[in-house]
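All remarks here apply to the structure that follows.
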Amino acid sequence: MAPGFDFDQLRTFVAVADAGSLSAAAPLVFLSQSSVSEQIRKLEARAGVSLFTRGKLGVATTAAGDRLLGHARQLLAQSEQAWHDVRGFSLSGELRLAITDYFRPGDVARMLRHLGVVYPALRIHVTILKSGIIETGYDTGEFDIGVSMRILGKSMAREGVAGTQALSRETLDWVAAPDFVLDTGAPLPLLVLPDTCALHRFTTQWLDTHHVPYTIAHVASGVAGLQLALSAGLGVACLNASAAGPSLMRIEKLVKGRRLPKLPEAEFHLLPARRGEPDWVTQARQALASQLAAPTALN
């Protein structure tokens with residue numbers, strides 16, 4: 001048997017490693033769980049070693065799996081790069097990309113690294129900002145491509161920018177540390193970003209509308225700081241699913257049956273092309289859209 005690997009099996013292997021389980025990886029590669037399992041079985045047979053350890057919480061790569069993972073990412077990226085090159089699709093230039101802090105914080109670095117391998121001549125300058133600042137800056141030409149968040153629902157929803165491309169939709173949840181306990185009769189200790197954040201304004205208005213007493217217990221400068229404050233047990237926050245992280249608990253009620261009001265969904269959008277923009281920026285937007293809209297396993 002000649003040495004080498006099947007690219008479909010490698011693609012499935014990377015999806016399982018990233019998602020942490022066979023079931024979570026299945027929608028990422030548009031296969032059934034049984035097909036994912038079969039591809040991993042064939043890949044391990046081809047490699048001659050176990051690539052994953054299995055447990056109740058999912059799978060983790062073995063030492064051999066870790067080594068193969070680095071090769072697999074590089075091979076898949078080079079294959080994609082070759083495909084684009086043969087078709088005459090090449091990207092080069094300085095791209096100014098602005099992304100809302102709430103958009104899949106655990107995935108953005110990986111996606112941008114992938115794009116850097118596939119398009120080595122494309123230099124991406126990333127700025128993490130609030131959605132309102134991104135949309136204003138995009139209108140004035142500060143950024144080439146922007147990703148913002150829109151809160152959905154019949155009331156108190158933000159209209160956003162017309163002509164945007166929807167990337168993904170996520171639930172908004174009330175989250176806190178697993179051991180968080182609210183004192184009886186105390187107002188809800190709310191953790192937020194500064195009041196220039198649209199989600200901050202929405203959350204406080206939502207609680208006011210539903211007559212839930214609260215106090216601003218902590219103001220973080222970004223989502224990472226908010227996650228740390230939540231993990232420390234300082235209070236409760238409203239976060240979209242991919243920004244909540246695995247260490248936090250979704251909560252619906254507090255003490256003595258006090259329930260928190262049900263939240264709408266959030267939708268992430270790629271801002272529309274500007275009239276007269278260079279062709280390579282339009283191509284870069286299309287390439288980014290395919291990466292940013294890819295499914296991800298939410299905790």
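Within each chain, counting starts at residue 1; across the structure tokens, chains are named A, B, ... in the order shown, with ligands numbered 1 upward in that order.
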- Backbone-only DSSP, strand (DSSP E or B) members of segment 24-272 of chain A, as a ChimeraX atom specification: /A:52-55,58-61,93-100,122-129,145-151,165-176,188-192,214-219,236-240,249-250,253,259,265-270
Pick out the residues sitting within 10 Å of Gly153 of chain A, and hand them over as a CSV table (one decimal) with N, CA and C atoms, in the first residue's frame; count only C-alpha atoms, and ignore anything fewer than 6 positions along from it in its own chain.
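So the final result, stored in out_19.csv, reads:
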chain,number,residue,atom,x,y,z
A,263,LEU,N,-35.0,35.6,26.2
A,263,LEU,CA,-34.3,36.5,25.3
A,263,LEU,C,-34.5,36.1,23.9
A,264,PRO,N,-34.4,37.1,23.0
A,264,PRO,CA,-34.5,36.8,21.6
A,264,PRO,C,-33.1,36.2,21.0
A,265,GLU,N,-33.0,36.2,19.7
A,265,GLU,CA,-31.8,35.7,19.1
A,265,GLU,C,-30.9,36.8,18.6
A,266,ALA,N,-29.7,36.5,18.4
A,266,ALA,CA,-28.8,37.5,17.8
A,266,ALA,C,-28.3,36.9,16.4
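The smallest atom-to-atom distance between Arg46 of chain A and any of A:Pro213, A:Ser23, A:Gly4, A:Asp66, using only C-alpha atoms, is found for A:Gly4.
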- Task: Would you list the contacts of Asp6 of chain A as a ChimeraX atom specification, taking every protein, DNA or RNA residue within 10 Å and counting only C-alpha atoms, but skipping same-chain residues closer than 6 positions in sequence?
- Result: /A:39,42-43,46
With a cut-off of 9 Å, could you pull out the residues of segment 122-207 of chain A touching segment 216-236 of chain A and give me the nearest pair of atoms for each, distance in Å to one decimal, using only C-alpha atoms, ordered by chain and ascending number, as a Markdown table?
| residue | atom | partner | partner_atom | distance |
| --- | --- | --- | --- | --- |
| A:Leu129 | CA | A:Gly222 | CA | 8.8 |
| A:Trp174 | CA | A:Val236 | CA | 6.6 |
| A:Val175 | CA | A:Val236 | CA | 5.7 |
| A:Ala176 | CA | A:Val236 | CA | 4.9 |
| A:Ala177 | CA | A:Ser231 | CA | 5.0 |
| A:Pro178 | CA | A:Ser231 | CA | 8.3 |
| A:Asp179 | CA | A:Gly233 | CA | 7.3 |
| A:Phe180 | CA | A:Gly233 | CA | 5.5 |
| A:Val181 | CA | A:Gly233 | CA | 8.4 |
| A:Leu182 | CA | A:Gly235 | CA | 8.2 |
| A:Leu188 | CA | A:Val236 | CA | 7.3 |
| A:Pro189 | CA | A:Gly235 | CA | 4.9 |
| A:Leu190 | CA | A:Ile216 | CA | 4.9 |
| A:Leu191 | CA | A:His218 | CA | 4.9 |
| A:Val192 | CA | A:Val219 | CA | 5.1 |
| A:Leu193 | CA | A:Ala220 | CA | 5.0 |
| A:Pro194 | CA | A:Val219 | CA | 6.0 |
| A:Asp195 | CA | A:Val219 | CA | 8.8 |
Could you write those residues out with C-alpha atoms, as a compact mmCIF listing (two decimals), in the first residue's frame?
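Okay, this is what ended up in result-v1.txt:
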# COMPACT_ATOMS: atom_id res chain seq x y z
CA LEU A 129 -14.86 46.61 18.07
CA TRP A 174 -28.45 34.52 30.71
CA VAL A 175 -25.16 33.00 31.92
CA ALA A 176 -23.22 32.82 35.17
CA ALA A 177 -20.62 30.67 36.91
CA PRO A 178 -21.93 27.18 37.83
CA ASP A 179 -21.66 27.98 41.56
CA PHE A 180 -23.29 31.42 41.31
CA VAL A 181 -26.00 32.03 43.94
CA LEU A 182 -28.10 35.20 44.22
CA LEU A 188 -29.66 40.94 39.84
CA PRO A 189 -25.90 41.72 39.74
CA LEU A 190 -25.48 42.43 36.05
CA LEU A 191 -22.13 42.19 34.24
CA VAL A 192 -21.85 44.20 31.03
CA LEU A 193 -19.57 45.93 28.55
CA PRO A 194 -19.58 49.77 28.50
CA ASP A 195 -22.88 51.50 27.68
- Message: I need the residue nearest Leu112 of chain A from this list: A:Ser131, A:Ala77, A:Lys56, A:Leu239. Use only C-alpha atoms for the distance.
- Response: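 The answer is A:Ala77, which sits nearest to Leu112 of chain A.
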Going by DSSP on the backbone, which residues of segment 4-126 of chain A come out as helix (DSSP H, G or I)? List them as a short mmCIF file (atom, residue, chain, number, x, y, z; two decimals) with N, CA and C atoms, in the first residue's frame.
data_model
loop_
_atom_site.label_atom_id
_atom_site.label_comp_id
_atom_site.auth_asym_id
_atom_site.auth_seq_id
_atom_site.Cartn_x
_atom_site.Cartn_y
_atom_site.Cartn_z
N PHE A 7 -7.92 12.89 1.44
CA PHE A 7 -8.21 14.26 1.88
C PHE A 7 -9.57 14.38 2.54
N ASP A 8 -10.58 13.63 2.10
CA ASP A 8 -11.89 13.68 2.75
C ASP A 8 -11.79 13.17 4.19
N GLN A 9 -10.98 12.13 4.39
CA GLN A 9 -10.80 11.61 5.75
C GLN A 9 -10.04 12.61 6.62
N LEU A 10 -9.05 13.28 6.03
CA LEU A 10 -8.32 14.30 6.79
C LEU A 10 -9.24 15.46 7.17
N ARG A 11 -10.10 15.86 6.23
CA ARG A 11 -11.04 16.96 6.50
C ARG A 11 -11.97 16.58 7.66
N THR A 12 -12.44 15.35 7.67
CA THR A 12 -13.31 14.87 8.76
C THR A 12 -12.53 14.80 10.07
N PHE A 13 -11.29 14.34 9.99
CA PHE A 13 -10.43 14.25 11.18
C PHE A 13 -10.25 15.63 11.83
N VAL A 14 -9.97 16.65 11.03
CA VAL A 14 -9.79 18.01 11.55
C VAL A 14 -11.09 18.50 12.18
N ALA A 15 -12.23 18.22 11.54
CA ALA A 15 -13.52 18.65 12.08
C ALA A 15 -13.79 18.02 13.44
N VAL A 16 -13.49 16.73 13.59
CA VAL A 16 -13.70 16.04 14.87
C VAL A 16 -12.77 16.62 15.94
N ALA A 17 -11.52 16.86 15.56
CA ALA A 17 -10.57 17.42 16.53
C ALA A 17 -11.01 18.80 17.00
N ASP A 18 -11.53 19.62 16.07
CA ASP A 18 -11.97 20.97 16.43
C ASP A 18 -13.26 20.95 17.25
N ALA A 19 -14.19 20.06 16.87
CA ALA A 19 -15.50 20.04 17.52
C ALA A 19 -15.48 19.30 18.86
N LEU A 22 -17.67 13.24 17.67
CA LEU A 22 -18.11 12.82 16.34
C LEU A 22 -19.45 13.47 15.98
N SER A 23 -20.35 13.53 16.95
CA SER A 23 -21.68 14.08 16.66
C SER A 23 -21.62 15.56 16.34
N ALA A 24 -20.75 16.32 17.06
CA ALA A 24 -20.63 17.75 16.79
C ALA A 24 -19.93 18.01 15.47
N ALA A 25 -19.07 17.09 15.05
CA ALA A 25 -18.34 17.28 13.79
C ALA A 25 -19.19 16.98 12.57
N ALA A 26 -20.20 16.10 12.73
CA ALA A 26 -20.99 15.65 11.58
C ALA A 26 -21.55 16.79 10.73
N PRO A 27 -22.23 17.81 11.33
CA PRO A 27 -22.76 18.89 10.49
C PRO A 27 -21.69 19.77 9.88
N LEU A 28 -20.50 19.77 10.45
CA LEU A 28 -19.43 20.59 9.91
C LEU A 28 -18.94 20.08 8.56
N GLN A 33 -23.41 10.97 11.58
CA GLN A 33 -22.43 10.58 12.61
C GLN A 33 -21.80 9.24 12.28
N SER A 34 -22.59 8.31 11.73
CA SER A 34 -22.04 6.99 11.39
C SER A 34 -21.00 7.10 10.28
N SER A 35 -21.22 8.02 9.33
CA SER A 35 -20.24 8.22 8.25
C SER A 35 -18.96 8.84 8.79
N VAL A 36 -19.10 9.77 9.74
CA VAL A 36 -17.92 10.35 10.37
C VAL A 36 -17.13 9.27 11.09
N SER A 37 -17.82 8.42 11.84
CA SER A 37 -17.17 7.33 12.56
C SER A 37 -16.43 6.40 11.61
N GLU A 38 -17.06 6.10 10.48
CA GLU A 38 -16.44 5.20 9.50
C GLU A 38 -15.20 5.84 8.88
N GLN A 39 -15.25 7.15 8.59
CA GLN A 39 -14.08 7.81 8.02
C GLN A 39 -12.91 7.85 9.01
N ILE A 40 -13.22 8.09 10.27
CA ILE A 40 -12.16 8.09 11.29
C ILE A 40 -11.58 6.69 11.45
N ARG A 41 -12.43 5.66 11.40
CA ARG A 41 -11.95 4.27 11.50
C ARG A 41 -10.99 3.95 10.36
N LYS A 42 -11.36 4.35 9.14
CA LYS A 42 -10.51 4.09 7.97
C LYS A 42 -9.20 4.88 8.06
N LEU A 43 -9.28 6.13 8.55
CA LEU A 43 -8.07 6.94 8.68
C LEU A 43 -7.11 6.33 9.69
N GLU A 44 -7.64 5.86 10.82
CA GLU A 44 -6.80 5.23 11.84
C GLU A 44 -6.18 3.94 11.31
N ALA A 45 -6.96 3.19 10.50
CA ALA A 45 -6.42 1.98 9.90
C ALA A 45 -5.29 2.32 8.92
N ARG A 46 -5.49 3.40 8.18
CA ARG A 46 -4.47 3.84 7.23
C ARG A 46 -3.21 4.30 7.96
N ALA A 47 -3.39 5.03 9.06
CA ALA A 47 -2.26 5.56 9.81
C ALA A 47 -1.56 4.47 10.63
N ALA A 63 -1.19 11.52 21.05
CA ALA A 63 0.05 12.16 20.63
C ALA A 63 0.24 12.06 19.12
N ALA A 64 -0.09 10.88 18.57
CA ALA A 64 -0.01 10.71 17.12
C ALA A 64 -1.05 11.59 16.42
N GLY A 65 -2.23 11.70 17.03
CA GLY A 65 -3.27 12.56 16.46
C GLY A 65 -2.87 14.02 16.43
N ASP A 66 -2.18 14.46 17.48
CA ASP A 66 -1.68 15.85 17.51
C ASP A 66 -0.70 16.10 16.37
N ARG A 67 0.18 15.12 16.12
CA ARG A 67 1.15 15.28 15.04
C ARG A 67 0.46 15.32 13.68
N LEU A 68 -0.52 14.43 13.50
CA LEU A 68 -1.23 14.40 12.22
C LEU A 68 -2.07 15.66 12.03
N LEU A 69 -2.60 16.23 13.10
CA LEU A 69 -3.47 17.40 12.99
C LEU A 69 -2.74 18.56 12.34
N GLY A 70 -1.50 18.80 12.74
CA GLY A 70 -0.73 19.88 12.13
C GLY A 70 -0.52 19.65 10.65
N HIS A 71 -0.16 18.41 10.29
CA HIS A 71 0.02 18.08 8.87
C HIS A 71 -1.29 18.22 8.10
N ALA A 72 -2.39 17.75 8.71
CA ALA A 72 -3.69 17.76 8.02
C ALA A 72 -4.13 19.18 7.72
N ARG A 73 -3.97 20.08 8.67
CA ARG A 73 -4.35 21.48 8.42
C ARG A 73 -3.54 22.06 7.26
N GLN A 74 -2.24 21.78 7.25
CA GLN A 74 -1.38 22.32 6.21
C GLN A 74 -1.72 21.72 4.85
N LEU A 75 -1.94 20.41 4.80
CA LEU A 75 -2.26 19.76 3.53
C LEU A 75 -3.59 20.26 2.96
N LEU A 76 -4.59 20.40 3.80
CA LEU A 76 -5.89 20.87 3.34
C LEU A 76 -5.81 22.31 2.85
N ALA A 77 -5.06 23.13 3.58
CA ALA A 77 -4.90 24.53 3.16
C ALA A 77 -4.16 24.61 1.83
N GLN A 78 -3.12 23.80 1.66
CA GLN A 78 -2.37 23.81 0.41
C GLN A 78 -3.22 23.30 -0.74
N SER A 79 -4.06 22.31 -0.49
CA SER A 79 -4.97 21.81 -1.52
C SER A 79 -5.94 22.90 -1.96
N GLU A 80 -6.48 23.63 -0.99
CA GLU A 80 -7.40 24.71 -1.32
C GLU A 80 -6.68 25.82 -2.08
N GLN A 81 -5.46 26.11 -1.65
CA GLN A 81 -4.68 27.15 -2.33
C GLN A 81 -4.39 26.74 -3.78
N ALA A 82 -4.06 25.49 -4.00
CA ALA A 82 -3.79 25.00 -5.35
C ALA A 82 -5.03 25.08 -6.22
N TRP A 83 -6.17 24.75 -5.64
CA TRP A 83 -7.45 24.79 -6.39
C TRP A 83 -7.74 26.21 -6.84
N HIS A 84 -7.57 27.18 -5.93
CA HIS A 84 -7.81 28.58 -6.29
C HIS A 84 -6.81 29.07 -7.33
N ASP A 85 -5.53 28.64 -7.20
CA ASP A 85 -4.51 29.10 -8.12
C ASP A 85 -4.78 28.59 -9.54
N VAL A 86 -5.16 27.32 -9.65
CA VAL A 86 -5.47 26.76 -10.97
C VAL A 86 -6.63 27.49 -11.62
N VAL A 108 -12.37 32.69 15.75
CA VAL A 108 -11.90 33.70 14.81
C VAL A 108 -10.41 33.54 14.48
N ALA A 109 -9.58 33.32 15.49
CA ALA A 109 -8.14 33.19 15.24
C ALA A 109 -7.85 32.01 14.33
N ARG A 110 -8.52 30.89 14.56
CA ARG A 110 -8.30 29.70 13.72
C ARG A 110 -8.70 29.97 12.28
N MET A 111 -9.85 30.63 12.08
CA MET A 111 -10.31 30.91 10.72
C MET A 111 -9.36 31.85 10.00
N LEU A 112 -8.87 32.86 10.70
CA LEU A 112 -7.95 33.81 10.07
C LEU A 112 -6.61 33.16 9.77
N ARG A 113 -6.17 32.25 10.63
CA ARG A 113 -4.93 31.53 10.36
C ARG A 113 -5.07 30.68 9.09
N HIS A 114 -6.23 30.06 8.94
CA HIS A 114 -6.49 29.26 7.74
C HIS A 114 -6.43 30.14 6.48
N LEU A 115 -7.04 31.29 6.55
CA LEU A 115 -7.01 32.19 5.39
C LEU A 115 -5.58 32.65 5.09
N GLY A 116 -4.78 32.84 6.14
CA GLY A 116 -3.40 33.25 5.94
C GLY A 116 -2.58 32.20 5.23
N VAL A 117 -2.89 30.92 5.48
CA VAL A 117 -2.18 29.84 4.80
C VAL A 117 -2.63 29.73 3.35
N VAL A 118 -3.94 29.84 3.12
CA VAL A 118 -4.48 29.68 1.77
C VAL A 118 -4.10 30.87 0.89
#
- Which residues, written as a list in words, have at least one atom at most 9 Å from Lys262 of chain A, with only C-alpha atoms counted and residues fewer than 3 positions away on the same chain left out? Leu172, Asp173, Trp174, Glu252 and Arg259 of chain A
Quick one: write out the picked residues with C-alpha atoms as a PDB file, in the first residue's frame?
ATOM      1  CA  LEU A 172     -28.928  34.925  23.611  1.00  0.00           C
ATOM      2  CA  ASP A 173     -28.704  33.428  27.102  1.00  0.00           C
ATOM      3  CA  TRP A 174     -28.448  34.516  30.708  1.00  0.00           C
ATOM      4  CA  GLU A 252     -33.421  30.695  33.658  1.00  0.00           C
ATOM      5  CA  ARG A 259     -37.434  33.828  36.462  1.00  0.00           C
TER       6      ARG A 259
END
- Query: If we count only C-alpha atoms, what is near Ala289 of chain A at a cut-off of 9 Å, once residues fewer than 6 positions away on the same chain are taken out, given as JSON, numbers by chain?
  - Reply: {"A": [165, 167, 270]}
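Each of A:Ile124, A:Ala243, A:Ala166, A:Ile145 was compared to Phe268 of chain A using only C-alpha atoms, and A:Ala166 turns out to be the nearest.
Atom CA of Val59 of chain A is positioned 15.5 Å from atom CA of Pro246 of chain A.
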